[in-house]
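Chemist: See work_1.pdb below, with PDB, C-alpha atoms.
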```
MODEL        1
ATOM      1  CA  MET A   1     101.193  73.478  75.786
ATOM      2  CA  PRO A   2     103.924  71.859  77.925
ATOM      3  CA  ILE A   3     106.239  69.258  76.466
ATOM      4  CA  ILE A   4     105.205  66.182  78.430
ATOM      5  CA  ASP A   5     107.673  63.717  76.918
ATOM      6  CA  LYS A   6     111.210  63.969  78.330
ATOM      7  CA  ARG A   7     112.573  62.312  75.188
ATOM      8  CA  ILE A   8     111.322  65.255  73.125
ATOM      9  CA  ILE A   9     112.973  67.688  75.554
ATOM     10  CA  ALA A  10     116.230  65.726  75.206
ATOM     11  CA  ASP A  11     115.880  65.612  71.403
ATOM     12  CA  ILE A  12     115.335  69.374  71.131
ATOM     13  CA  ALA A  13     118.235  70.054  73.512
ATOM     14  CA  GLY A  14     120.499  67.706  71.555
ATOM     15  CA  TYR A  15     119.554  69.248  68.243
ATOM     16  CA  LEU A  16     120.197  72.765  69.538
ATOM     17  CA  GLU A  17     123.461  71.755  71.211
ATOM     18  CA  ASP A  18     124.752  70.515  67.858
ATOM     19  CA  LYS A  19     123.458  73.571  65.982
ATOM     20  CA  ASN A  20     124.075  76.619  68.183
ATOM     21  CA  GLU A  21     125.308  76.859  71.777
ATOM     22  CA  ARG A  22     123.389  80.062  72.525
ATOM     23  CA  ASP A  23     120.113  78.509  71.383
ATOM     24  CA  TYR A  24     120.830  75.348  73.376
ATOM     25  CA  VAL A  25     121.416  77.394  76.535
ATOM     26  CA  LEU A  26     118.277  79.434  75.816
ATOM     27  CA  PHE A  27     116.132  76.308  75.582
ATOM     28  CA  LEU A  28     117.557  74.775  78.753
ATOM     29  CA  SER A  29     117.251  78.081  80.625
ATOM     30  CA  GLY A  30     113.576  78.103  79.723
ATOM     31  CA  VAL A  31     112.836  74.564  80.873
ATOM     32  CA  TYR A  32     115.014  74.739  83.995
ATOM     33  CA  LEU A  33     114.114  78.252  85.193
ATOM     34  CA  GLY A  34     110.469  78.550  84.169
ATOM     35  CA  ARG A  35     110.651  82.294  83.687
ATOM     36  CA  ARG A  36     108.855  84.194  80.945
ATOM     37  CA  ILE A  37     110.868  84.534  77.739
ATOM     38  CA  SER A  38     110.695  88.331  78.037
ATOM     39  CA  ASP A  39     112.562  88.016  81.358
ATOM     40  CA  ILE A  40     115.057  85.401  80.171
ATOM     41  CA  LEU A  41     116.081  87.505  77.183
ATOM     42  CA  GLN A  42     116.972  90.402  79.508
ATOM     43  CA  TYR A  43     119.450  88.390  81.606
ATOM     44  CA  ARG A  44     123.015  89.525  81.512
ATOM     45  CA  VAL A  45     125.985  87.309  82.281
ATOM     46  CA  ARG A  46     126.374  88.967  85.707
ATOM     47  CA  ASP A  47     122.817  87.895  86.620
ATOM     48  CA  LEU A  48     123.616  84.179  86.290
ATOM     49  CA  LYS A  49     127.388  83.691  86.419
ATOM     50  CA  ASN A  50     128.549  81.855  89.564
ATOM     51  CA  LYS A  51     125.105  82.237  91.144
ATOM     52  CA  ASP A  52     123.043  79.724  93.066
ATOM     53  CA  TYR A  53     119.859  81.806  92.726
ATOM     54  CA  ILE A  54     118.237  84.261  90.386
ATOM     55  CA  GLU A  55     116.822  87.340  92.073
ATOM     56  CA  ILE A  56     115.652  89.604  89.275
ATOM     57  CA  PRO A  57     112.363  91.543  89.076
ATOM     58  CA  GLU A  58     109.945  90.056  86.550
ATOM     59  CA  GLN A  59     108.954  92.469  83.793
ATOM     60  CA  LYS A  60     105.261  91.567  83.822
ATOM     61  CA  THR A  61     104.642  91.705  87.574
ATOM     62  CA  GLY A  62     107.622  93.590  88.990
ATOM     63  CA  ASP A  63     107.885  90.868  91.642
ATOM     64  CA  VAL A  64     111.365  89.761  92.627
ATOM     65  CA  VAL A  65     111.385  85.982  92.640
ATOM     66  CA  ARG A  66     114.198  84.077  94.316
ATOM     67  CA  LEU A  67     114.694  80.962  92.236
ATOM     68  CA  ALA A  68     117.377  78.298  92.617
ATOM     69  CA  ILE A  69     119.476  77.607  89.546
ATOM     70  CA  ASN A  70     119.470  73.861  88.892
ATOM     71  CA  PRO A  71     122.946  72.244  89.246
ATOM     72  CA  HIS A  72     122.798  70.902  85.671
ATOM     73  CA  LEU A  73     122.085  74.410  84.379
ATOM     74  CA  LYS A  74     124.880  75.920  86.515
ATOM     75  CA  LYS A  75     127.344  73.532  84.864
ATOM     76  CA  ILE A  76     126.106  74.552  81.414
ATOM     77  CA  TYR A  77     126.421  78.236  82.367
ATOM     78  CA  ARG A  78     130.002  77.766  83.627
ATOM     79  CA  HIS A  79     131.005  76.470  80.229
ATOM     80  CA  TYR A  80     128.906  78.965  78.247
ATOM     81  CA  PHE A  81     130.124  82.056  80.123
ATOM     82  CA  VAL A  82     133.821  81.437  79.455
ATOM     83  CA  GLY A  83     135.123  84.535  77.653
ATOM     84  CA  LYS A  84     131.902  86.514  78.067
ATOM     85  CA  LYS A  85     131.827  89.893  79.827
ATOM     86  CA  ASP A  86     129.560  90.454  82.835
ATOM     87  CA  TYR A  87     127.648  93.249  81.059
ATOM     88  CA  GLU A  88     126.823  91.149  77.982
ATOM     89  CA  TYR A  89     123.352  89.809  77.390
ATOM     90  CA  VAL A  90     123.298  86.049  77.865
ATOM     91  CA  PHE A  91     121.302  85.550  74.661
ATOM     92  CA  ARG A  92     123.027  88.162  72.568
ATOM     93  CA  ARG A  93     122.320  88.669  68.896
ATOM     94  CA  SER A  94     124.918  87.125  66.614
ATOM     95  CA  ALA A  95     125.086  89.909  64.088
ATOM     96  CA  GLY A  96     127.475  92.794  64.653
ATOM     97  CA  LYS A  97     129.182  93.952  67.782
ATOM     98  CA  GLU A  98     126.059  95.427  69.315
ATOM     99  CA  ASN A  99     125.198  94.127  72.784
ATOM    100  CA  LYS A 100     121.493  93.428  72.322
ATOM    101  CA  PRO A 101     119.498  90.313  73.145
ATOM    102  CA  ILE A 102     117.727  88.294  70.497
ATOM    103  CA  SER A 103     114.075  89.189  70.021
ATOM    104  CA  ARG A 104     111.097  87.228  71.264
ATOM    105  CA  VAL A 105     110.237  86.495  67.622
ATOM    106  CA  ARG A 106     113.735  85.073  67.049
ATOM    107  CA  ALA A 107     113.381  82.896  70.163
ATOM    108  CA  TRP A 108     110.059  81.598  68.794
ATOM    109  CA  GLN A 109     111.715  80.816  65.429
ATOM    110  CA  ILE A 110     114.544  78.941  67.149
ATOM    111  CA  LEU A 111     112.103  76.813  69.147
ATOM    112  CA  ASN A 112     109.857  76.051  66.182
ATOM    113  CA  ASP A 113     112.775  75.159  63.916
ATOM    114  CA  ALA A 114     114.144  72.784  66.568
ATOM    115  CA  ALA A 115     110.740  71.201  67.224
ATOM    116  CA  GLU A 116     110.227  70.653  63.499
ATOM    117  CA  ALA A 117     113.727  69.226  63.097
ATOM    118  CA  VAL A 118     113.109  66.547  65.742
ATOM    119  CA  GLY A 119     109.600  65.765  64.494
ATOM    120  CA  TYR A 120     107.653  67.261  67.394
ATOM    121  CA  LYS A 121     104.151  67.798  66.025
ATOM    122  CA  ASP A 122     102.453  69.735  68.837
ATOM    123  CA  HIS A 123     102.354  73.515  68.865
ATOM    124  CA  ILE A 124     105.401  75.047  70.530
ATOM    125  CA  GLY A 125     105.965  78.648  71.492
ATOM    126  CA  CYS A 126     108.098  80.663  73.844
ATOM    127  CA  HIS A 127     105.669  80.049  76.683
ATOM    128  CA  SER A 128     105.964  76.276  76.118
ATOM    129  CA  LEU A 129     109.277  76.386  77.998
ATOM    130  CA  ARG A 130     107.657  77.904  81.097
ATOM    131  CA  LYS A 131     104.750  75.468  80.870
ATOM    132  CA  THR A 132     107.162  72.546  80.476
ATOM    133  CA  PHE A 133     109.030  73.661  83.599
ATOM    134  CA  ALA A 134     105.748  73.905  85.501
ATOM    135  CA  TYR A 135     104.449  70.542  84.264
ATOM    136  CA  TRP A 136     107.603  68.638  85.260
ATOM    137  CA  LEU A 137     107.952  70.507  88.551
ATOM    138  CA  TYR A 138     104.377  69.503  89.369
ATOM    139  CA  LYS A 139     104.898  65.902  88.274
ATOM    140  CA  ASP A 140     108.283  65.445  89.988
ATOM    141  CA  SER A 141     107.125  67.141  93.208
ATOM    142  CA  GLY A 142     104.397  64.566  93.702
ATOM    143  CA  GLY A 143     101.644  66.901  92.531
ATOM    144  CA  ASP A 144     102.307  69.878  94.815
ATOM    145  CA  ILE A 145     100.160  72.402  92.931
ATOM    146  CA  SER A 146     100.584  75.049  95.655
ATOM    147  CA  MET A 147     104.355  75.057  95.291
ATOM    148  CA  VAL A 148     104.164  75.300  91.508
ATOM    149  CA  GLN A 149     101.583  78.076  91.798
ATOM    150  CA  GLU A 150     103.847  80.041  94.131
ATOM    151  CA  ILE A 151     106.956  79.587  91.951
ATOM    152  CA  LEU A 152     105.048  80.732  88.868
ATOM    153  CA  GLY A 153     103.452  83.650  90.723
ATOM    154  CA  HIS A 154      99.888  82.610  89.908
ATOM    155  CA  ASP A 155      97.079  83.947  92.088
ATOM    156  CA  ASP A 156      94.894  80.861  91.873
ATOM    157  CA  PRO A 157      95.664  77.118  91.670
ATOM    158  CA  CYS A 158      93.005  76.798  88.951
ATOM    159  CA  ILE A 159      95.171  78.955  86.699
ATOM    160  CA  THR A 160      98.180  76.762  87.431
ATOM    161  CA  ARG A 161      96.254  73.558  86.711
ATOM    162  CA  ARG A 162      95.060  74.883  83.341
ATOM    163  CA  TYR A 163      98.550  76.181  82.648
ATOM    164  CA  ILE A 164     100.195  72.777  83.020
ATOM    165  CA  GLY A 165      97.478  71.004  81.072
ATOM    166  CA  ILE A 166      95.418  69.365  83.784
ATOM    167  CA  ASP A 167      92.189  69.406  81.855
ATOM    168  CA  GLN A 168      89.093  67.205  81.796
ATOM    169  CA  LYS A 169      90.659  64.705  79.401
ATOM    170  CA  ARG A 170      93.590  64.109  81.772
ATOM    171  CA  LYS A 171      91.294  63.929  84.800
ATOM    172  CA  ASP A 172      89.108  61.366  83.027
ATOM    173  CA  ALA A 173      92.166  59.288  82.076
ATOM    174  CA  ALA A 174      93.432  59.338  85.674
ATOM    175  CA  ILE A 175      90.068  58.190  87.022
ATOM    176  CA  ASN A 176      89.677  55.523  84.345
ATOM    177  CA  GLY A 177      93.195  54.265  85.117
ATOM    178  CA  LEU A 178      92.360  53.398  88.723
ATOM    179  CA  ASP A 179      92.365  49.674  89.443
ATOM    180  CA  PHE A 180      91.752  48.321  92.929
ATOM    181  CA  ARG A 181      91.768  44.653  91.991
ATOM    182  CA  GLY A 182      94.589  43.003  93.999
TER     183      GLY A 182
ENDMDL
END
```
Rewrite the coordinates I just gave you, this time as structure tokens.

Modeler:
Amino acid sequence: MPIIDKRIIADIAGYLEDKNERDYVLFLSGVYLGRRISDILQYRVRDLKNKDYIEIPEQKTGDVVRLAINPHLKKIYRHYFVGKKDYEYVFRRSAGKENKPISRVRAWQILNDAAEAVGYKDHIGCHSLRKTFAYWLYKDSGGDISMVQEILGHDDPCITRRYIGIDQKRKDAAINGLDFRG
């Protein structure tokens, strides 16, 4: 399920920023890049540092997607990458000196702990970040489902609509909200 309230996104980001910089950057990378968590966890500093675009093959599809890095996220990366080596994983485990990324399970725990801490009651998972990206991209692009579909790499716009939560309940609400009285 996407996070459809920007205040909740800001609350989770603020909570994570206060708690752990790595986790804060992980969350914002998810909502600003819209990549699968399995891909995000494999990024190394060299993949993102001083870059305007990401051009990394996706693990699931093997497709190389060229994706702009949002200016707000670039600023966060500039600060976060200070003192980090190019070969290091961006979301490196804290324990020990081993250069390994956190696990998908750990990412899920981080997100759920943050959601609980800010009082977010809906289900949240690793894929919620990608869905949140897609939802807001759709909404802020004026409803360009084709563009969102292409960025996500979906084969069919129906998949994209379901993905971002355009279901019968939302369609009914949109229709019922129409008012043509001057």

Chemist: Can you translate the PyMOL selection byres ((chain A and resi 137) around 10) into the concrete residues it hits in this file, as a list in words?

Modeler: Val31, Tyr32, Gly34, Lys131, Thr132, Phe133, Ala134, Tyr135, Trp136, Tyr138, Lys139, Asp140, Ser141, Gly142, Gly143, Asp144, Ile145, Met147, Val148, Ile151 and Ile164 of chain A

Chemist: Measuring between all atoms listed in the file, which one of A:Asp39, A:Asp23, A:Asp167, A:Asp52 shows the shortest distance to Arg106 (chain A)?

Modeler: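 Answer, going by the shortest atom-to-atom distance: A:Asp23.
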
Chemist: In Å, how far is it from CA of Ile69 (chain A) to CA of Gly165 (chain A)?

Modeler: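 Atom-to-atom, CA of Ile69 (chain A) and CA of Gly165 (chain A) are spaced 24.5 Å apart.
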
Chemist: Quick one: of A:His72, A:Arg104, A:Arg44, A:Lys49, who's nearest to Tyr87 (chain A), counting all atoms listed in the file?

Modeler: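 Looking at the shortest contact to Tyr87 (chain A), the residue is A:Arg44.
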
Chemist: Considering only C-alpha atoms, can you say which of A:Gly83, A:Ser38, A:Tyr120, A:Ser29 comes closest to Ser103 (chain A)?

Modeler: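 Of A:Gly83, A:Ser38, A:Tyr120, A:Ser29, the one nearest Ser103 (chain A) is A:Ser38, counting only C-alpha atoms.
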
Chemist: CA of Lys100 (chain A) and CA of Arg46 (chain A) are how many Å apart?

Modeler: 14.9 Å

Chemist: Given the file shown, determine the residues that the PyMOL selection byres ((chain A and resi 112-115) around 10) selects; report them as a PyMOL selection string.

Modeler: chain A and resi 8-9+11-16+19+23-24+27+106-111+116-126

Chemist: Name the closest residue to Leu28 (chain A) among the candidates A:Ala10, A:Leu67, A:Ile159, A:Ala174; distances are taken between atoms, counting all atoms listed in the file.

Modeler: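 Ranking A:Ala10, A:Leu67, A:Ile159, A:Ala174 by distance to Leu28 (chain A), first place goes to A:Ala10.
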
Chemist: Written as a PDB file with C-alpha atoms, in the frame of the given file, which residues does the PyMOL selection byres ((chain A and resi 54) around 7) give for the file shown?

Modeler:
```
ATOM      1  CA  ASP A  47     122.817  87.895  86.620  1.00  0.00           C
ATOM      2  CA  LEU A  48     123.616  84.179  86.290  1.00  0.00           C
ATOM      3  CA  TYR A  53     119.859  81.806  92.726  1.00  0.00           C
ATOM      4  CA  GLU A  55     116.822  87.340  92.073  1.00  0.00           C
ATOM      5  CA  ILE A  56     115.652  89.604  89.275  1.00  0.00           C
ATOM      6  CA  ARG A  66     114.198  84.077  94.316  1.00  0.00           C
ATOM      7  CA  LEU A  67     114.694  80.962  92.236  1.00  0.00           C
ATOM      8  CA  ALA A  68     117.377  78.298  92.617  1.00  0.00           C
ATOM      9  CA  ILE A  69     119.476  77.607  89.546  1.00  0.00           C
TER      10      ILE A  69
END
```

Chemist: Using all atoms listed in the file for the distances, tell me which of A:Val64, A:Leu26, A:Ile76, A:Val105 is nearest to Tyr89 (chain A).

Modeler: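 Residue with the minimum atom-to-atom distance to Tyr89 (chain A): A:Leu26.
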